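*Asks:* Provided below: coords.csv, containing CSV, C-alpha atoms and all ligand atoms.
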chain,number,residue,atom,x,y,z
A,1,MET,CA,106.2,115.3,94.6
A,2,LYS,CA,104.3,115.9,97.9
A,3,ALA,CA,103.9,113.1,100.4
A,4,TRP,CA,103.1,112.8,104.1
A,5,ARG,CA,105.9,111.1,106.0
A,6,ILE,CA,106.3,109.8,109.5
A,7,SER,CA,109.8,110.8,110.7
A,8,SER,CA,108.9,110.5,114.3
A,9,PHE,CA,105.6,109.2,115.8
A,10,GLY,CA,102.7,111.5,116.8
A,11,LEU,CA,100.1,113.3,114.7
A,12,GLU,CA,101.8,116.7,115.3
A,13,ASN,CA,105.0,115.2,113.9
A,14,LEU,CA,103.6,114.1,110.5
A,15,GLU,CA,105.7,115.8,107.9
A,16,PHE,CA,104.3,117.2,104.5
A,17,ALA,CA,107.5,116.5,102.6
A,18,THR,CA,108.7,117.3,99.1
A,19,LEU,CA,110.3,114.2,97.8
A,20,PRO,CA,111.9,113.2,94.4
A,21,ASP,CA,109.4,111.9,91.9
A,22,PRO,CA,109.8,108.1,91.9
A,23,LYS,CA,110.6,106.1,88.7
A,24,PRO,CA,109.5,102.6,87.9
A,25,GLY,CA,112.2,100.0,87.5
A,26,ARG,CA,111.9,96.6,85.8
A,27,GLY,CA,108.6,94.9,86.6
A,28,GLU,CA,107.3,98.1,88.3
A,29,VAL,CA,104.6,100.6,87.6
A,30,LEU,CA,104.3,104.3,88.4
A,31,VAL,CA,100.8,105.2,89.8
A,32,LYS,CA,99.6,108.7,90.0
A,33,VAL,CA,97.6,108.4,93.2
A,34,HIS,CA,94.2,110.1,92.9
A,35,ALA,CA,92.9,109.2,96.3
A,36,ALA,CA,93.9,107.4,99.5
A,37,SER,CA,91.7,106.3,102.3
A,38,LEU,CA,92.2,106.0,106.0
A,39,ASN,CA,92.0,102.9,108.2
A,40,TYR,CA,92.2,102.7,111.9
A,41,ARG,CA,95.6,101.0,111.4
A,42,ASP,CA,96.9,104.1,109.7
A,43,LEU,CA,96.0,106.2,112.7
A,44,MET,CA,97.7,103.7,115.1
A,45,ILE,CA,100.8,103.7,112.9
A,46,VAL,CA,101.1,107.5,112.9
A,47,LEU,CA,100.7,107.5,116.7
A,48,GLY,CA,103.4,104.8,117.1
A,49,LYS,CA,100.9,102.4,118.7
A,50,TYR,CA,100.8,99.8,115.9
A,51,ASN,CA,104.5,99.0,115.7
A,52,PRO,CA,106.7,101.2,117.8
A,53,ARG,CA,109.8,99.7,116.2
A,54,MET,CA,108.7,100.5,112.7
A,55,HIS,CA,111.5,101.6,110.4
A,56,LEU,CA,111.3,105.4,109.8
A,57,PRO,CA,110.8,107.6,107.8
A,58,ARG,CA,107.7,105.9,106.4
A,59,ILE,CA,104.9,107.1,104.1
A,60,PRO,CA,101.7,105.9,105.8
A,61,CYS,CA,98.4,104.5,104.4
A,62,SER,CA,97.7,101.1,102.9
A,63,ASP,CA,94.9,102.2,100.7
A,64,GLY,CA,94.9,104.2,97.5
A,65,ALA,CA,93.8,104.2,93.9
A,66,GLY,CA,95.0,106.0,90.8
A,67,GLU,CA,96.1,105.8,87.2
A,68,ILE,CA,99.2,104.0,85.9
A,69,VAL,CA,101.2,106.7,84.2
A,70,ALA,CA,104.4,104.8,83.3
A,71,VAL,CA,105.6,101.2,83.3
A,72,GLY,CA,109.0,99.8,83.7
A,73,GLU,CA,110.8,97.3,81.4
A,74,GLY,CA,109.1,93.9,81.2
A,75,VAL,CA,105.7,94.9,82.5
A,76,THR,CA,102.9,92.9,80.8
A,77,ARG,CA,100.1,92.5,83.4
A,78,VAL,CA,98.9,96.1,83.3
A,79,ALA,CA,99.4,99.2,81.1
A,80,ALA,CA,99.6,103.0,81.2
A,81,GLY,CA,96.1,104.4,81.6
A,82,ASP,CA,94.8,101.5,83.8
A,83,ARG,CA,92.8,102.5,86.9
A,84,VAL,CA,94.2,100.5,89.7
A,85,ALA,CA,94.4,100.1,93.5
A,86,GLY,CA,97.4,98.8,95.4
A,87,ILE,CA,96.9,95.5,97.3
A,88,PHE,CA,97.4,95.7,101.1
A,89,MET,CA,100.1,93.0,101.3
A,90,GLN,CA,102.3,93.3,98.2
A,91,ASN,CA,103.5,89.7,98.6
A,92,TRP,CA,100.1,88.0,99.1
A,93,ILE,CA,98.9,87.2,95.6
A,94,ASP,CA,96.9,84.0,96.1
A,95,GLY,CA,96.5,80.9,98.3
A,96,ASP,CA,96.8,80.7,102.0
A,97,ALA,CA,98.8,83.2,104.0
A,98,ASP,CA,102.3,82.3,105.1
A,99,ALA,CA,105.2,84.2,106.7
A,100,HIS,CA,106.4,85.6,103.4
A,101,ARG,CA,103.0,86.5,102.0
A,102,ILE,CA,102.0,88.6,105.0
A,103,ARG,CA,105.1,90.8,104.6
A,104,GLY,CA,105.2,93.8,102.3
A,105,ALA,CA,102.2,95.6,103.8
A,106,LEU,CA,101.8,99.1,102.3
A,107,GLY,CA,102.2,101.9,104.8
A,108,GLY,CA,103.8,99.6,107.3
A,109,ASP,CA,106.5,97.2,106.1
A,110,ILE,CA,107.1,99.5,103.1
A,111,ASP,CA,106.0,103.0,102.0
A,112,GLY,CA,102.3,103.5,101.5
A,113,MET,CA,99.9,105.5,99.4
A,114,LEU,CA,99.7,109.0,101.0
A,115,ALA,CA,101.7,110.6,98.2
A,116,GLU,CA,101.1,112.1,94.7
A,117,TYR,CA,103.0,109.2,93.1
A,118,VAL,CA,103.9,105.6,94.1
A,119,VAL,CA,105.9,102.9,92.5
A,120,LEU,CA,104.6,99.4,92.9
A,121,ARG,CA,105.4,96.0,91.4
A,122,GLU,CA,103.1,95.1,88.6
A,123,GLU,CA,101.8,92.1,90.7
A,124,GLY,CA,100.9,94.5,93.5
A,125,VAL,CA,97.9,96.3,91.8
A,126,VAL,CA,94.4,95.3,90.8
A,127,PRO,CA,92.1,97.0,88.3
A,128,VAL,CA,89.3,98.8,90.1
A,129,PRO,CA,85.6,98.5,89.2
A,130,ASN,CA,84.6,100.9,86.4
A,131,HIS,CA,81.5,102.3,88.2
A,132,LEU,CA,83.5,103.6,91.1
A,133,SER,CA,85.2,107.0,91.3
A,134,MET,CA,88.8,107.0,92.3
A,135,GLU,CA,87.7,108.2,95.8
A,136,GLU,CA,85.4,105.2,96.1
A,137,ALA,CA,88.0,102.8,94.7
A,138,ALA,CA,90.5,104.0,97.3
A,139,THR,CA,88.4,102.6,100.1
A,140,LEU,CA,88.7,99.0,99.0
A,141,PRO,CA,92.1,97.5,99.7
A,142,CYS,CA,92.0,97.1,103.4
A,143,ALA,CA,88.5,97.6,104.9
A,144,ALA,CA,86.5,96.1,102.1
A,145,VAL,CA,88.8,93.1,101.5
A,146,THR,CA,88.8,92.4,105.2
A,147,ALA,CA,85.1,92.5,105.4
A,148,TRP,CA,84.8,90.3,102.3
A,149,ASN,CA,87.1,87.8,103.8
A,150,ALA,CA,85.2,87.8,107.1
A,151,VAL,CA,81.7,87.5,105.5
A,152,VAL,CA,82.4,85.3,102.5
A,153,HIS,CA,85.4,83.1,103.6
A,154,ALA,CA,85.3,82.9,107.4
A,155,GLY,CA,81.5,83.2,107.7
A,156,ARG,CA,80.4,81.5,104.5
A,157,VAL,CA,77.3,83.6,104.9
A,158,LYS,CA,74.2,82.5,103.0
A,159,ALA,CA,70.7,83.9,102.6
A,160,GLY,CA,68.8,83.9,105.9
A,161,ASP,CA,71.9,83.8,108.1
A,162,VAL,CA,72.2,86.4,110.9
A,163,VAL,CA,75.3,88.5,110.9
A,164,LEU,CA,76.2,90.9,113.8
A,165,THR,CA,78.4,93.9,112.9
A,166,GLN,CA,80.0,96.3,115.4
A,167,GLY,CA,80.2,100.1,115.0
A,168,THR,CA,80.0,102.2,111.9
A,169,GLY,CA,83.6,102.3,110.7
A,170,GLY,CA,85.0,101.2,107.4
A,171,VAL,CA,85.1,97.4,108.0
A,172,SER,CA,81.7,97.2,109.6
A,173,ILE,CA,79.8,99.1,106.9
A,174,PHE,CA,81.4,97.0,104.1
A,175,ALA,CA,80.5,93.9,106.2
A,176,LEU,CA,76.9,95.1,106.3
A,177,GLN,CA,76.8,95.7,102.6
A,178,PHE,CA,78.3,92.3,101.7
A,179,ALA,CA,76.1,90.4,104.2
A,180,ARG,CA,73.0,92.1,102.7
A,181,MET,CA,74.2,91.4,99.2
A,182,LEU,CA,74.2,87.7,100.2
A,183,GLY,CA,70.7,87.8,101.6
A,184,ALA,CA,71.6,87.7,105.3
A,185,ARG,CA,69.8,89.4,108.1
A,186,VAL,CA,72.1,92.0,109.7
A,187,LEU,CA,72.1,93.2,113.3
A,188,GLY,CA,74.3,96.1,114.2
A,189,MET,CA,75.4,98.3,117.0
A,190,SER,CA,76.8,101.8,117.5
A,191,SER,CA,77.5,104.3,120.2
A,192,SER,CA,75.2,106.8,118.4
A,193,ASP,CA,71.4,106.5,117.6
A,194,GLN,CA,71.9,108.9,114.7
A,195,LYS,CA,74.5,106.5,113.2
A,196,LEU,CA,72.2,103.5,113.8
A,197,ALA,CA,69.4,105.3,111.8
A,198,ARG,CA,71.9,105.8,108.9
A,199,LEU,CA,72.9,102.1,109.1
A,200,GLN,CA,69.2,101.3,108.7
A,201,GLN,CA,69.1,103.3,105.5
A,202,LEU,CA,71.9,101.0,104.3
A,203,GLY,CA,69.8,97.9,105.0
A,204,LEU,CA,70.5,97.2,108.7
A,205,ASP,CA,67.6,95.0,109.9
A,206,ALA,CA,67.9,96.1,113.6
A,207,GLY,CA,70.3,98.0,115.7
A,208,ILE,CA,71.3,98.7,119.3
A,209,ASN,CA,73.2,101.5,121.0
A,210,TYR,CA,76.0,99.7,122.9
A,211,ARG,CA,76.6,102.7,125.1
A,212,SER,CA,73.1,103.0,126.5
A,213,THR,CA,72.6,99.2,126.4
A,214,PRO,CA,75.9,97.5,127.2
A,215,GLU,CA,74.1,94.1,127.4
A,216,TRP,CA,73.8,93.9,123.6
A,217,ASP,CA,74.5,90.1,123.6
A,218,ALA,CA,71.1,89.6,125.4
A,219,TRP,CA,69.5,91.8,122.7
A,220,VAL,CA,71.0,89.6,119.9
A,221,MET,CA,69.6,86.5,121.6
A,222,ASP,CA,66.2,88.2,121.8
A,223,GLN,CA,66.4,89.3,118.2
A,224,THR,CA,67.1,85.7,117.1
A,225,GLY,CA,64.6,83.9,119.3
A,226,GLY,CA,67.3,82.6,121.5
A,227,ARG,CA,69.4,81.0,118.7
A,228,GLY,CA,72.2,83.6,118.3
A,229,ALA,CA,74.0,85.0,115.3
A,230,ASP,CA,75.7,82.8,112.7
A,231,LEU,CA,78.6,85.3,112.3
A,232,VAL,CA,80.0,88.1,114.4
A,233,VAL,CA,82.3,90.5,112.5
A,234,GLU,CA,84.4,91.3,115.6
A,235,VAL,CA,86.1,94.6,115.5
A,236,GLY,CA,86.1,95.5,119.2
A,237,GLY,CA,88.6,92.9,120.4
A,238,ALA,CA,89.2,92.3,124.2
A,239,GLY,CA,86.4,94.7,125.2
A,240,THR,CA,83.7,93.0,123.1
A,241,PHE,CA,84.9,89.5,122.6
A,242,SER,CA,83.1,87.8,125.5
A,243,ARG,CA,79.8,89.4,124.6
A,244,SER,CA,80.4,88.4,121.0
A,245,LEU,CA,80.8,84.8,122.1
A,246,ARG,CA,77.5,85.1,124.0
A,247,SER,CA,75.8,86.5,120.9
A,248,LEU,CA,76.7,83.5,118.8
A,249,ARG,CA,74.6,80.5,117.9
A,250,ILE,CA,76.1,77.1,118.8
A,251,GLY,CA,78.6,76.3,116.0
A,252,GLY,CA,78.7,79.9,114.9
A,253,THR,CA,81.7,81.9,113.7
A,254,VAL,CA,83.6,84.8,115.2
A,255,ALA,CA,85.7,86.6,112.5
A,256,GLN,CA,88.3,88.3,114.7
A,257,ILE,CA,89.4,91.5,113.1
A,258,GLY,CA,89.9,94.5,115.4
A,259,VAL,CA,91.3,95.8,118.6
A,260,LEU,CA,89.2,98.9,119.3
A,261,ALA,CA,88.2,98.2,122.8
A,262,GLN,CA,90.2,97.1,125.8
A,263,SER,CA,89.2,95.1,128.8
A,264,ALA,CA,90.7,94.0,132.1
A,265,GLU,CA,88.4,90.9,132.2
A,266,GLY,CA,89.8,87.5,131.5
A,267,LEU,CA,88.9,85.4,128.4
A,268,GLU,CA,85.9,83.1,128.9
A,269,ILE,CA,87.3,80.0,127.4
A,270,PRO,CA,84.3,77.7,128.4
A,271,LEU,CA,82.0,79.7,126.2
A,272,ILE,CA,84.2,78.8,123.2
A,273,LEU,CA,83.9,75.1,123.8
A,274,HIS,CA,80.3,75.0,125.0
A,275,ARG,CA,79.2,77.0,121.9
A,276,GLN,CA,81.6,75.0,119.7
A,277,VAL,CA,82.7,78.3,118.2
A,278,HIS,CA,84.6,78.7,115.0
A,279,LEU,CA,87.2,81.4,115.7
A,280,ARG,CA,88.9,82.8,112.7
A,281,GLY,CA,91.5,85.5,112.8
A,282,ILE,CA,91.4,87.7,109.7
A,283,TYR,CA,94.3,89.7,108.3
A,284,VAL,CA,92.9,91.6,105.3
A,285,GLY,CA,93.3,89.1,102.4
A,286,SER,CA,95.1,88.3,99.2
A,287,ARG,CA,95.0,89.8,95.7
A,288,ALA,CA,92.8,86.9,94.7
A,289,HIS,CA,90.3,87.9,97.4
A,290,PHE,CA,90.4,91.5,96.2
A,291,GLU,CA,89.8,90.5,92.6
A,292,GLU,CA,86.9,88.1,93.6
A,293,MET,CA,85.4,90.9,95.7
A,294,ASN,CA,85.7,93.4,92.8
A,295,ARG,CA,83.7,91.0,90.6
A,296,ALA,CA,80.9,91.0,93.2
A,297,VAL,CA,81.1,94.8,93.8
A,298,THR,CA,80.8,95.3,90.0
A,299,GLN,CA,77.9,92.9,89.6
A,300,ALA,CA,76.0,94.5,92.5
A,301,ARG,CA,77.1,98.0,91.5
A,302,LEU,CA,77.9,98.4,95.2
A,303,LYS,CA,79.0,101.9,96.3
A,304,PRO,CA,81.4,102.3,99.3
A,305,LEU,CA,80.1,104.7,101.9
A,306,ILE,CA,82.4,107.8,102.1
A,307,ASP,CA,82.0,110.0,105.2
A,308,GLU,CA,84.2,112.9,103.9
A,309,VAL,CA,86.9,113.7,101.3
A,310,PHE,CA,89.8,115.8,102.5
A,311,THR,CA,92.5,117.4,100.3
A,312,LEU,CA,96.0,116.0,100.7
A,313,ASP,CA,97.2,119.0,102.7
A,314,LYS,CA,94.4,118.5,105.2
A,315,THR,CA,95.4,114.9,106.0
A,316,PRO,CA,95.9,115.6,109.8
A,317,ASP,CA,92.3,116.8,110.0
A,318,ALA,CA,91.1,113.5,108.6
A,319,LEU,CA,93.2,111.6,111.1
A,320,ARG,CA,91.9,113.8,113.9
A,321,LYS,CA,88.3,113.0,112.8
A,322,MET,CA,89.1,109.3,112.9
A,323,HIS,CA,90.7,109.7,116.3
A,324,ALA,CA,87.5,111.4,117.6
A,325,GLY,CA,85.4,108.6,116.2
A,326,GLU,CA,83.2,111.2,114.5
A,327,HIS,CA,83.1,109.4,111.1
A,328,PHE,CA,80.5,107.1,109.5
A,329,GLY,CA,82.2,104.9,106.9
A,330,LYS,CA,85.4,105.9,105.1
A,331,LEU,CA,87.6,109.0,105.3
A,332,VAL,CA,89.2,109.7,102.0
A,333,ILE,CA,92.1,112.0,101.0
A,334,ARG,CA,92.1,113.4,97.5
A,335,CYS,CA,95.8,113.4,96.4
A,336,VAL,CA,95.4,115.3,93.1
A,337,VAL,CA,94.5,118.9,92.9
A,401,LIG,N1,92.6,92.3,110.9
A,401,LIG,C1,92.6,93.0,109.8
A,401,LIG,O1,93.0,92.6,108.7
A,401,LIG,C2,92.0,94.4,109.9
A,401,LIG,C3,91.7,95.1,108.8
A,401,LIG,C4,91.0,96.3,108.9
A,401,LIG,C5,90.8,96.8,110.2
A,401,LIG,N2,91.2,96.1,111.3
A,401,LIG,C6,90.8,96.6,112.6
A,401,LIG,O2,89.4,96.6,112.8
A,401,LIG,C7,89.0,97.7,113.6
A,401,LIG,C8,88.1,98.6,112.8
A,401,LIG,O3,88.8,99.2,111.8
A,401,LIG,P1,88.2,100.3,110.9
A,401,LIG,O4,89.2,100.8,110.0
A,401,LIG,O5,86.9,99.9,110.3
A,401,LIG,O6,87.9,101.4,112.0
A,401,LIG,P2,87.1,102.8,112.0
A,401,LIG,O7,86.7,103.1,110.6
A,401,LIG,O8,87.9,103.7,112.8
A,401,LIG,O9,85.8,102.4,112.8
A,401,LIG,C9,85.8,102.2,114.2
A,401,LIG,C10,84.3,102.2,114.7
A,401,LIG,O10,84.2,101.1,115.6
A,401,LIG,C11,83.2,101.4,116.5
A,401,LIG,N3,83.6,101.0,117.9
A,401,LIG,C12,84.6,101.6,118.6
A,401,LIG,N4,84.6,101.0,119.9
A,401,LIG,C13,83.6,100.0,119.8
A,401,LIG,C14,83.1,99.1,120.8
A,401,LIG,N5,83.6,99.0,122.0
A,401,LIG,N6,82.1,98.3,120.4
A,401,LIG,C15,81.6,98.4,119.2
A,401,LIG,N7,82.0,99.2,118.2
A,401,LIG,C16,83.0,100.0,118.6
A,401,LIG,C17,82.9,102.9,116.4
A,401,LIG,O11,81.6,102.9,115.8
A,401,LIG,P3,80.5,103.9,116.4
A,401,LIG,O12,81.0,105.3,116.2
A,401,LIG,O13,79.3,103.7,115.5
A,401,LIG,O14,80.2,103.6,117.8
A,401,LIG,C18,83.9,103.4,115.5
A,401,LIG,O15,83.5,104.4,114.6
A,401,LIG,C19,90.3,98.3,114.1
A,401,LIG,O16,90.8,97.7,115.3
A,401,LIG,C20,91.3,97.9,113.0
A,401,LIG,O17,92.7,98.0,113.4
A,401,LIG,C21,91.8,94.9,111.2
Now that the file is in, can you turn its structure into structure tokens?
Ligand SMILES: NC(=O)c1ccc[n+]([C@@H]2O[C@H](COP(=O)([O-])OP(=O)(O)OC[C@H]3O[C@@H](n4cnc5c(N)ncnc54)[C@H](OP(=O)(O)O)[C@@H]3O)[C@@H](O)[C@H]2O)c1

*Replies:*
Amino acid sequence: MKAWRISSFGLENLEFATLPDPKPGRGEVLVKVHAASLNYRDLMIVLGKYNPRMHLPRIPCSDGAGEIVAVGEGVTRVAAGDRVAGIFMQNWIDGDADAHRIRGALGGDIDGMLAEYVVLREEGVVPVPNHLSMEEAATLPCAAVTAWNAVVHAGRVKAGDVVLTQGTGGVSIFALQFARMLGARVLGMSSSDQKLARLQQLGLDAGINYRSTPEWDAWVMDQTGGRGADLVVEVGGAGTFSRSLRSLRIGGTVAQIGVLAQSAEGLEIPLILHRQVHLRGIYVGSRAHFEEMNRAVTQARLKPLIDEVFTLDKTPDALRKMHAGEHFGKLVIRCVV
């Protein structure tokens, strides 16, 4: 089979390898991967910036969906013909995270989905919603589950709440979609006016260009009559965190997800206590979160927003597009011809 493999870090070193077809052992399933999708993490991993000590060679990409084409001895949970996606952390099935459960991340701790076939444990897959194509289903495991966890579990968003999303990447667009599904008012920001206009077509209530208006925290306060947002879905990290705190209502929540922007400024600790901030770190979610989200996605017939679909051999072009920040929503790789 064909698979992309990191043998040494760097986009130019990514290797389009021919590997033996994998076979499922006891309790395992063989998935013919129809599509994979990219997350910012996959780019960082390829560049060696996520975990420079990662064991190589490694097949990258946490996210993919496909059809089970063979099952190993003893498999009862799923069957050949099922349409499934892999879960991000293969060990985190249910309950709270712990040191064991957050191991086994696809495309990091173990080989990922950027291949024609993968073998996963039967516990490590979920059925995908019927109304989604394989390309759409491939966008769910990391970005969508993370956004779901932030909006539903960390933020406990309800109708009428104000949610602030940042940028127009995978996590942020799913967060917008889920927050709207729950009846929240969503404020958003982007470096591009064109992207903001597209967010508005997806239901964004109001948006601001964070390049031309770096004081977006004051804008959020204006938009909310001085109250502030109930939830900030924080993907910027150090470069946005202080303004996120200043955008928040007293007693509001920051769901801390990303590390996109750097800053030399110190952390404003007093803001955290004066605003009585609930600060919650998010690391994707469990299989139970994924299944719960799929029920909501099915009920709402929600469609993930795909920017572009690339063929497997064009994977480096997709990674380059992500690196340039040119995308809006998800970049998908079709793994079947
Ligand atoms: N903790 C977790 O479990 C988890 C899970 C998934 C992702 N993440 C992290 O979350 C972040 C987003 O991931 P992703 O896959 O959604 O990335 P992505 O698809 O590459 O989206 C990134 C987008 O963020 C926006 N952005 C960049 N710098 C910004 C800034 N200073 N202020 C506001 N927005 C900014 C840009 O939007 P515009 O082009 O519109 O400006 C960019 O397109 C990454 O740091 C990733 O590692 C964490």

*Asks:* A:Met181, A:Ile102, A:Val232, A:Met113: which is nearest Leu164 in chain A, counting only C-alpha atoms?

*Replies:*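 Counting only C-alpha atoms, the residue closest to Leu164 in chain A is A:Val232.
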
*Asks:* Calculate how many Å separate CA of Ile250 in chain A from CA of Gly160 in chain A, rounding to one decimal.

*Replies:*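 Between CA of Ile250 in chain A and CA of Gly160 in chain A the gap works out to 16.3 Å.
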
*Asks:* Identify which of the residues A:Leu182, A:Val259, A:Ala150, A:Ile59 lies closest to ligand LIG 401 (chain A), counting all atoms listed in the file when measuring atom-to-atom distances.

*Replies:*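 Closest to ligand LIG 401 (chain A), using all atoms listed in the file: A:Val259.
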
*Asks:* When distances are computed from all atoms listed in the file, which of A:Arg41, A:Arg246, A:His274, A:Arg58 shows the smallest separation from ligand LIG 401 (chain A)?

*Replies:*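 With all atoms listed in the file as the atom set, the closest residue is A:Arg41.
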
*Asks:* Would you list the contacts of Gly48 in chain A as a ChimeraX atom specification, taking every protein, DNA or RNA residue within 10 Å and counting all atoms listed in the file, but skipping same-chain residues closer than 5 positions in sequence?

*Replies:* /A:6,8-11,42-43,53-54

*Asks:* With all atoms listed in the file as the atoms that count, which of A:Val46, A:Leu267, A:Val78, A:Ala324 lies nearest to ligand LIG 401 (chain A)?

*Replies:* A:Ala324

*Asks:* At what distance in Å, to one decimal, does CA of Gly281 in chain A lie from CA of Ala255 in chain A?

*Replies:* 5.9 Å

*Asks:* Rounded to one decimal place, report the CA of Gly252 in chain A-CA of Gly203 in chain A distance in Å.

*Replies:* 22.4 Å

*Asks:* Which residues come within 9 Å of Asp111 in chain A, counting all atoms listed in the file, excluding same-chain residues fewer than 5 positions away, as a VMD selection string?

*Replies:* chain A and resid 57 to 62 105 to 106 118

*Asks:* Considering all atoms listed in the file, can you say which of A:Pro304, A:Gly188, A:Gly25, A:Pro270 comes closest to Leu204 in chain A?

*Replies:* A:Gly188
